[in-house]
>>> print(open('run_21.tsv').read())   # TSV, C-alpha atoms
chain	number	residue	atom	x	y	z
A	156	MET	CA	85.05	185.70	61.64
A	157	THR	CA	88.22	184.30	63.25
A	158	SER	CA	90.36	187.02	64.81
A	159	GLU	CA	94.15	187.15	64.66
A	160	LEU	CA	94.20	186.30	68.36
A	161	ASP	CA	92.05	183.19	67.75
A	162	LYS	CA	94.40	182.13	64.95
A	163	PHE	CA	97.39	182.65	67.24
A	164	ILE	CA	95.85	180.58	70.05
A	165	GLU	CA	94.97	177.78	67.60
A	166	GLU	CA	98.47	177.82	66.11
A	167	ARG	CA	100.24	177.68	69.47
A	168	SER	CA	97.90	175.03	70.88
A	169	LYS	CA	99.41	172.53	68.42
A	170	ILE	CA	102.72	172.82	70.28
A	171	PRO	CA	102.68	170.70	73.47
A	172	ILE	CA	103.58	172.44	76.71
A	173	PRO	CA	106.62	170.72	78.28
A	174	SER	CA	106.57	169.43	81.84
A	175	GLY	CA	109.90	170.87	83.00
A	176	ASP	CA	109.93	174.32	84.62
A	177	VAL	CA	112.84	175.67	82.54
A	178	ALA	CA	111.47	174.51	79.18
A	179	ARG	CA	107.98	175.68	80.11
A	180	ILE	CA	109.11	179.17	81.13
A	181	ARG	CA	111.14	179.53	77.90
A	182	LEU	CA	108.08	178.65	75.85
A	183	LEU	CA	105.90	181.09	77.81
A	184	ALA	CA	108.42	183.91	77.31
A	185	GLN	CA	108.76	183.06	73.63
A	186	GLU	CA	105.01	183.14	73.08
A	187	LEU	CA	104.54	186.39	75.01
A	188	ALA	CA	107.23	187.98	72.82
A	189	LEU	CA	105.75	186.46	69.67
A	190	GLY	CA	102.38	187.99	70.56
A	191	VAL	CA	104.04	191.42	70.69
A	192	HIS	CA	105.74	190.68	67.37
A	193	ARG	CA	102.33	189.82	65.88
A	194	ASP	CA	100.90	193.09	67.26
A	195	LEU	CA	98.46	191.27	69.57
A	196	TRP	CA	99.53	193.03	72.79
A	197	PHE	CA	102.19	195.35	74.21
A	198	SER	CA	105.60	194.36	75.57
A	199	SER	CA	104.80	196.07	78.89
A	200	PHE	CA	101.98	194.14	80.39
A	201	GLY	CA	99.83	193.12	83.26
A	202	SER	CA	98.77	194.20	86.66
A	203	PHE	CA	100.82	192.47	89.31
A	204	ARG	CA	99.85	191.56	92.84
A	205	GLY	CA	102.81	190.34	94.85
A	206	GLU	CA	104.56	187.77	92.68
A	207	SER	CA	101.46	186.66	90.76
A	208	ILE	CA	100.78	187.76	87.22
A	209	LEU	CA	97.35	189.19	86.42
A	210	PHE	CA	97.30	189.56	82.65
A	211	ARG	CA	94.92	191.93	80.92
A	212	ASP	CA	92.74	191.89	77.81
A	213	ASP	CA	93.97	189.83	74.85
A	214	MET	CA	97.05	188.60	76.70
A	215	ASP	CA	94.83	187.35	79.51
A	216	ARG	CA	92.59	185.54	77.02
A	217	TYR	CA	95.59	183.92	75.37
A	218	VAL	CA	97.04	182.75	78.70
A	219	LYS	CA	93.75	181.28	79.90
A	220	ASN	CA	93.07	179.46	76.62
A	221	ARG	CA	96.60	178.29	75.95
A	222	TRP	CA	98.03	177.64	79.42
A	223	GLY	CA	95.02	177.28	81.71
A	224	LYS	CA	96.01	176.01	85.14
A	225	LEU	CA	99.65	175.53	84.10
A	226	ILE	CA	100.46	179.14	85.05
A	227	PRO	CA	101.19	179.14	88.79
A	228	GLY	CA	102.16	182.26	90.71
A	229	LYS	CA	105.84	181.28	90.60
A	230	ASN	CA	106.10	182.21	86.91
A	231	LEU	CA	106.98	185.84	87.61
A	232	PRO	CA	110.10	184.97	89.62
A	233	LEU	CA	111.07	182.46	86.93
A	234	LEU	CA	110.53	184.95	84.12
A	235	ARG	CA	112.61	187.51	86.01
A	236	GLY	CA	115.27	185.02	87.06
A	237	HIS	CA	115.87	183.91	83.47
A	238	GLY	CA	116.01	187.51	82.32
A	239	TYR	CA	112.85	187.43	80.20
A	240	VAL	CA	111.14	190.34	82.01
A	241	GLU	CA	112.46	193.29	83.98
A	242	GLU	CA	110.80	195.48	86.55
A	243	LYS	CA	110.07	199.12	85.67
A	244	ARG	CA	108.49	202.06	87.47
A	245	THR	CA	106.22	204.77	86.15
A	246	ASP	CA	106.83	208.44	86.94
A	247	ARG	CA	104.42	208.00	89.83
A	248	GLY	CA	106.33	205.01	91.16
A	249	HIS	CA	103.89	202.31	90.06
A	250	ARG	CA	105.51	198.99	89.24
A	251	TYR	CA	105.12	197.20	85.92
A	252	PHE	CA	107.10	194.63	83.94
A	253	LEU	CA	108.60	194.68	80.47
A	254	LEU	CA	109.62	191.84	78.18
A	255	THR	CA	113.36	191.98	77.52
A	256	LYS	CA	115.50	191.38	74.45
A	257	ALA	CA	116.22	187.90	75.80
A	258	ALA	CA	112.53	187.04	75.41
A	259	PHE	CA	112.41	188.39	71.85
A	260	ASP	CA	115.57	186.49	70.95
A	261	LEU	CA	113.66	183.27	71.68
A	262	ILE	CA	111.40	183.90	68.66
A	263	GLN	CA	114.18	182.82	66.32
A	264	GLU	CA	115.33	179.92	68.47
A	265	THR	CA	114.29	176.30	68.60
A	266	GLN	CA	113.50	175.37	72.18
A	267	PRO	CA	116.16	172.93	73.47
A	268	TYR	CA	113.73	170.26	74.60
A	269	ASN	CA	114.86	166.90	75.95
A	270	ILE	CA	112.92	164.25	74.05
A	271	PHE	CA	112.73	160.52	74.80
A	272	ILE	CA	111.94	158.28	71.82
A	273	SER	CA	110.33	154.99	72.82
A	274	TYR	CA	110.02	152.15	70.31
A	275	ARG	CA	110.13	148.39	69.79
A	276	ARG	CA	113.18	147.41	67.79
A	277	LEU	CA	111.43	144.79	65.65
A	278	ASP	CA	108.83	147.35	64.57
A	279	SER	CA	110.47	150.76	64.51
A	280	SER	CA	114.29	150.73	64.52
A	281	ALA	CA	114.62	152.43	61.14
A	282	LEU	CA	111.98	155.02	62.00
A	283	ALA	CA	113.59	155.70	65.39
A	284	LEU	CA	116.90	156.50	63.68
A	285	LEU	CA	115.14	158.72	61.14
A	286	VAL	CA	113.24	160.65	63.84
A	287	LEU	CA	116.44	160.94	65.88
A	288	ALA	CA	118.33	162.43	62.92
A	289	ARG	CA	115.57	164.87	61.94
A	290	LEU	CA	115.13	166.18	65.49
A	291	LYS	CA	118.89	166.67	65.86
A	292	GLU	CA	118.94	168.67	62.61
A	293	HIS	CA	116.82	171.28	64.38
A	294	GLU	CA	118.90	171.43	67.58
A	295	LEU	CA	116.46	169.45	69.68
A	296	PHE	CA	117.82	166.87	72.13
A	297	PRO	CA	116.34	163.46	71.33
A	298	PHE	CA	117.37	160.23	73.03
A	299	VAL	CA	116.81	156.60	72.05
A	300	ASP	CA	117.75	153.65	74.25
A	301	MET	CA	120.25	152.26	71.72
A	302	ALA	CA	122.63	154.90	73.10
A	303	LEU	CA	122.78	153.31	76.56
A	304	GLU	CA	126.14	151.84	77.52
A	305	ALA	CA	126.34	148.05	77.63
A	306	GLY	CA	126.51	146.63	81.12
A	307	GLY	CA	124.82	149.60	82.75
A	308	ASN	CA	121.72	149.41	84.90
A	309	TRP	CA	119.63	149.98	81.80
A	310	HIS	CA	116.23	149.59	83.49
A	311	ALA	CA	116.94	152.33	86.03
A	312	ASP	CA	118.71	154.43	83.38
A	313	LEU	CA	115.65	154.37	81.15
A	314	GLU	CA	113.37	155.43	83.97
A	315	GLU	CA	115.71	158.31	84.85
A	316	ARG	CA	115.87	159.38	81.20
A	317	ILE	CA	112.09	159.47	81.01
A	318	LYS	CA	111.80	161.26	84.36
A	319	GLY	CA	114.15	163.98	83.10
A	320	CYS	CA	112.71	164.47	79.61
A	321	ASP	CA	110.32	167.20	78.48
A	322	TYR	CA	108.53	165.11	75.83
A	323	PHE	CA	107.97	161.40	75.28
A	324	ILE	CA	107.53	160.18	71.71
A	325	ILE	CA	106.22	156.64	71.30
A	326	LEU	CA	106.60	154.99	67.87
A	327	LEU	CA	103.78	152.50	67.42
A	328	GLY	CA	103.99	149.68	64.87
A	329	LYS	CA	101.65	146.73	64.63
A	330	GLU	CA	103.20	144.78	67.51
A	331	THR	CA	104.75	147.53	69.62
A	332	LEU	CA	102.32	147.13	72.51
A	333	SER	CA	103.25	143.45	72.81
A	334	SER	CA	106.54	144.59	74.33
A	335	PRO	CA	106.26	144.75	78.15
A	336	MET	CA	109.25	147.13	78.27
A	337	THR	CA	107.65	149.57	75.85
A	338	VAL	CA	104.40	149.52	77.85
A	339	LYS	CA	106.45	150.12	81.01
A	340	GLU	CA	108.12	153.13	79.40
A	341	ILE	CA	104.70	154.59	78.60
A	342	GLN	CA	103.64	153.99	82.21
A	343	TRP	CA	106.74	155.84	83.44
A	344	ALA	CA	105.90	158.75	81.13
A	345	LEU	CA	102.40	158.84	82.61
A	346	GLN	CA	103.75	158.54	86.17
A	347	TYR	CA	106.05	161.52	85.69
A	348	GLU	CA	103.35	163.50	83.83
A	349	LYS	CA	105.27	163.86	80.58
A	350	THR	CA	103.76	165.18	77.37
A	351	ILE	CA	103.24	162.04	75.25
A	352	ILE	CA	103.28	162.21	71.44
A	353	PRO	CA	102.26	158.92	69.76
A	354	LEU	CA	103.37	158.30	66.17
A	355	TRP	CA	101.44	155.50	64.47
A	356	HIS	CA	103.03	153.73	61.52
A	357	SER	CA	103.05	150.46	59.54
A	358	GLY	CA	99.29	150.13	59.82
A	359	PHE	CA	99.05	150.27	63.60
A	360	VAL	CA	95.43	150.42	64.79
A	361	LEU	CA	94.40	150.74	68.43
A	362	GLN	CA	91.60	148.23	68.97
A	363	GLU	CA	90.79	147.35	72.55
A	364	GLU	CA	89.90	143.73	71.76
A	365	GLU	CA	93.37	143.18	70.28
A	366	TRP	CA	95.11	144.50	73.40
A	367	PRO	CA	92.95	143.34	76.36
A	368	ASP	CA	95.89	143.32	78.77
A	369	ILE	CA	97.01	146.88	78.07
A	370	PRO	CA	96.20	149.16	81.05
A	371	PRO	CA	93.48	151.71	80.16
A	372	PRO	CA	95.74	154.73	80.94
A	373	VAL	CA	98.24	153.45	78.37
A	374	ARG	CA	95.52	153.01	75.74
A	375	ASP	CA	94.27	156.53	76.48
A	376	ALA	CA	97.78	157.95	76.15
A	377	VAL	CA	98.36	156.56	72.66
A	378	GLN	CA	94.89	157.04	71.22
A	379	GLN	CA	94.30	158.45	67.75
A	380	THR	CA	93.14	161.90	68.89
A	381	ASN	CA	96.66	162.59	70.22
A	382	ALA	CA	98.55	160.77	67.49
A	383	ILE	CA	100.53	161.62	64.40
A	384	ILE	CA	99.66	158.96	61.83
A	385	VAL	CA	101.70	157.84	58.81
A	386	GLN	CA	98.86	157.75	56.31
A	387	ASP	CA	100.90	156.43	53.39
A	388	GLU	CA	103.67	153.84	53.77
A	389	SER	CA	106.05	155.67	51.48
A	390	ALA	CA	108.98	158.07	51.80
A	391	SER	CA	106.66	161.04	51.33
A	392	GLY	CA	104.18	159.63	53.86
A	393	TYR	CA	106.88	159.31	56.52
A	394	ASN	CA	108.27	162.74	55.68
A	395	THR	CA	104.81	164.28	56.10
A	396	ALA	CA	104.46	162.65	59.53
A	397	ILE	CA	107.89	163.83	60.65
A	398	VAL	CA	107.15	167.38	59.48
A	399	GLU	CA	103.98	167.26	61.61
A	400	LEU	CA	106.10	166.00	64.51
A	401	LEU	CA	108.55	168.88	64.10
A	402	ASN	CA	105.62	171.30	63.99
A	403	ARG	CA	104.65	170.07	67.48
A	404	PHE	CA	107.94	171.58	68.69
A	405	GLY	CA	107.42	174.87	66.87
A	406	VAL	CA	109.74	173.92	64.01
A	407	THR	CA	108.77	174.59	60.39
A	408	PRO	CA	111.25	172.74	58.15
>>> encode(input="run_21.tsv", output="structure tokens")
Amino acid sequence: MTSELDKFIEERSKIPIPSGDVARIRLLAQELALGVHRDLWFSSFGSFRGESILFRDDMDRYVKNRWGKLIPGKNLPLLRGHGYVEEKRTDRGHRYFLLTKAAFDLIQETQPYNIFISYRRLDSSALALLVLARLKEHELFPFVDMALEAGGNWHADLEERIKGCDYFIILLGKETLSSPMTVKEIQWALQYEKTIIPLWHSGFVLQEEEWPDIPPPVRDAVQQTNAIIVQDESASGYNTAIVELLNRFGVTP
């Protein structure tokens, strides 16, 4: 029988962990507070050794399953610095930490992620605008390259945008991977270790023999196991895919 903790871990695992320290620590604080809200653990938690967190019991199981090696020892200073935990003392002077109201306030908030939307204009311009609008509706911060100023150093600007984003969405139509610039954007996302979310549409299929010149890391990054797929080329089919995309950011429209 699946426990409430197992259901919680499965639910949260559908939301990608961002690469940036600030976005990552917000998500960690939000999920710790949400676990208290779901009655999975207490708001005062952990044994602490120096500045490293040693979680206990169900919270420890959640952290190991959900975050794995992405929880370095620096998370306690970050949690404290952003005001998500505060230090307390027992009557005997023993130190412990308590989640603050700021952490619980995150439960009702959409995380302000920076999101780069990569696409090939001939394949996905309309979809890029639709995704852009839907993400903005939920106070996310999406960016598409059509917003770059004419005459700027657009190549370097794009790389900097990708380097600074939390998530990288790649819209894949039938001929998207024939664009060297789009492939380069995916390579930048891999280089800077961004969370990549592929969205397949218009009948895109990833077949190695059709794309022999595509670097294997790029093929791996956009494979079906990681992808959101528009199953039906209709308004409802695209809406279903975008709802799934929003769910990846913890948004339930």
>>> residues_near_point(input="run_21.tsv", point="(109.0, 162.4, 78.7)", cutoff="8 Å", atoms="all atoms listed in the file", output="tab-separated table (two decimals) with C-alpha atoms, in the coordinates of the input")
chain	number	residue	atom	x	y	z
A	269	ASN	CA	114.86	166.90	75.95
A	270	ILE	CA	112.92	164.25	74.05
A	271	PHE	CA	112.73	160.52	74.80
A	316	ARG	CA	115.87	159.38	81.20
A	317	ILE	CA	112.09	159.47	81.01
A	318	LYS	CA	111.80	161.26	84.36
A	319	GLY	CA	114.15	163.98	83.10
A	320	CYS	CA	112.71	164.47	79.61
A	321	ASP	CA	110.32	167.20	78.48
A	322	TYR	CA	108.53	165.11	75.83
A	323	PHE	CA	107.97	161.40	75.28
A	324	ILE	CA	107.53	160.18	71.71
A	344	ALA	CA	105.90	158.75	81.13
A	347	TYR	CA	106.05	161.52	85.69
A	348	GLU	CA	103.35	163.50	83.83
A	349	LYS	CA	105.27	163.86	80.58
A	350	THR	CA	103.76	165.18	77.37
A	351	ILE	CA	103.24	162.04	75.25
>>> residues_around(input="run_21.tsv", residues="Asn381 of chain A", least_positions_apart="3", cutoff="10 Å", atoms="only C-alpha atoms", output="list in words")
Ile351, Ile352, Pro353, Leu354, Asp375, Ala376, Val377, Gln378 and Ile384 of chain A
>>> residues_near_point(input="run_21.tsv", point="(94.9, 146.0, 71.1)", cutoff="12 Å", atoms="all atoms listed in the file", output="NGL selection string")
:A and (327-333 or 359-371 or 373-375 or 377-378)
>>> atom_distance(input="run_21.tsv", atom1="atom CA of Lys291 of chain A", atom2="atom CA of Glu340 of chain A")
22.0 Å
>>> residues_around(input="run_21.tsv", residues="Ile172 of chain A", least_positions_apart="2", cutoff="12 Å", atoms="all atoms listed in the file", output="VMD selection string")
chain A and resid 167 to 170 174 to 183 186 221 to 226 266 268 321 to 323 348 to 352 403 to 405
>>> closest_residue(input="run_21.tsv", among="A:Thr265, A:Ala288, A:Ser199, A:Tyr217", to="Arg244 of chain A", atoms="only C-alpha atoms")
A:Ser199
>>> atom_distance(input="run_21.tsv", atom1="atom CA of Glu241 of chain A", atom2="atom CA of Pro171 of chain A")
26.8 Å
>>> residues_around(input="run_21.tsv", residues="Phe163 of chain A", least_positions_apart="4", cutoff="12 Å", atoms="all atoms listed in the file", output="list of chain:residue names")
A:Thr157, A:Ser158, A:Glu159, A:Arg167, A:Ser168, A:Lys169, A:Ile170, A:Glu186, A:Leu187, A:Leu189, A:Gly190, A:Val191, A:His192, A:Arg193, A:Asp194, A:Leu195, A:Trp196, A:Asp213, A:Met214, A:Arg216, A:Tyr217, A:Val218, A:Asn220, A:Arg221
>>> closest_residue(input="run_21.tsv", among="A:Ile397, A:Leu326, A:Val338, A:Ile164", to="Asp278 of chain A", atoms="all atoms listed in the file")
A:Leu326
>>> axis_aligned_box(input="run_21.tsv", around="segment 259-263 of chain A", padding_each_side="4 Å", output="lines of an AutoDock Vina configuration file")
center_x = 113.5
center_y = 185.6
center_z = 69.1
size_x = 12.2
size_y = 13.6
size_z = 13.5
>>> closest_residue(input="run_21.tsv", among="A:Ile272, A:Leu231, A:Val240, A:Ala184", to="Val286 of chain A", atoms="only C-alpha atoms")
A:Ile272
>>> atom_distance(input="run_21.tsv", atom1="atom CA of Gln342 of chain A", atom2="atom CA of Pro297 of chain A")
19.2 Å
>>> residues_around(input="run_21.tsv", residues="Lys243 of chain A", least_positions_apart="4", cutoff="6 Å", atoms="all atoms listed in the file", output="list in words")
Arg250, Tyr251 and Phe252 of chain A
>>> write_last_selection(input="run_21.tsv", atoms="C-alpha atoms", output="CSV table (one decimal), in the coordinates of the input")
chain,number,residue,atom,x,y,z
A,250,ARG,CA,105.5,199.0,89.2
A,251,TYR,CA,105.1,197.2,85.9
A,252,PHE,CA,107.1,194.6,83.9
>>> closest_residue(input="run_21.tsv", among="A:Ala396, A:Thr245, A:Ala258, A:Leu233", to="Trp355 of chain A", atoms="all atoms listed in the file")
A:Ala396
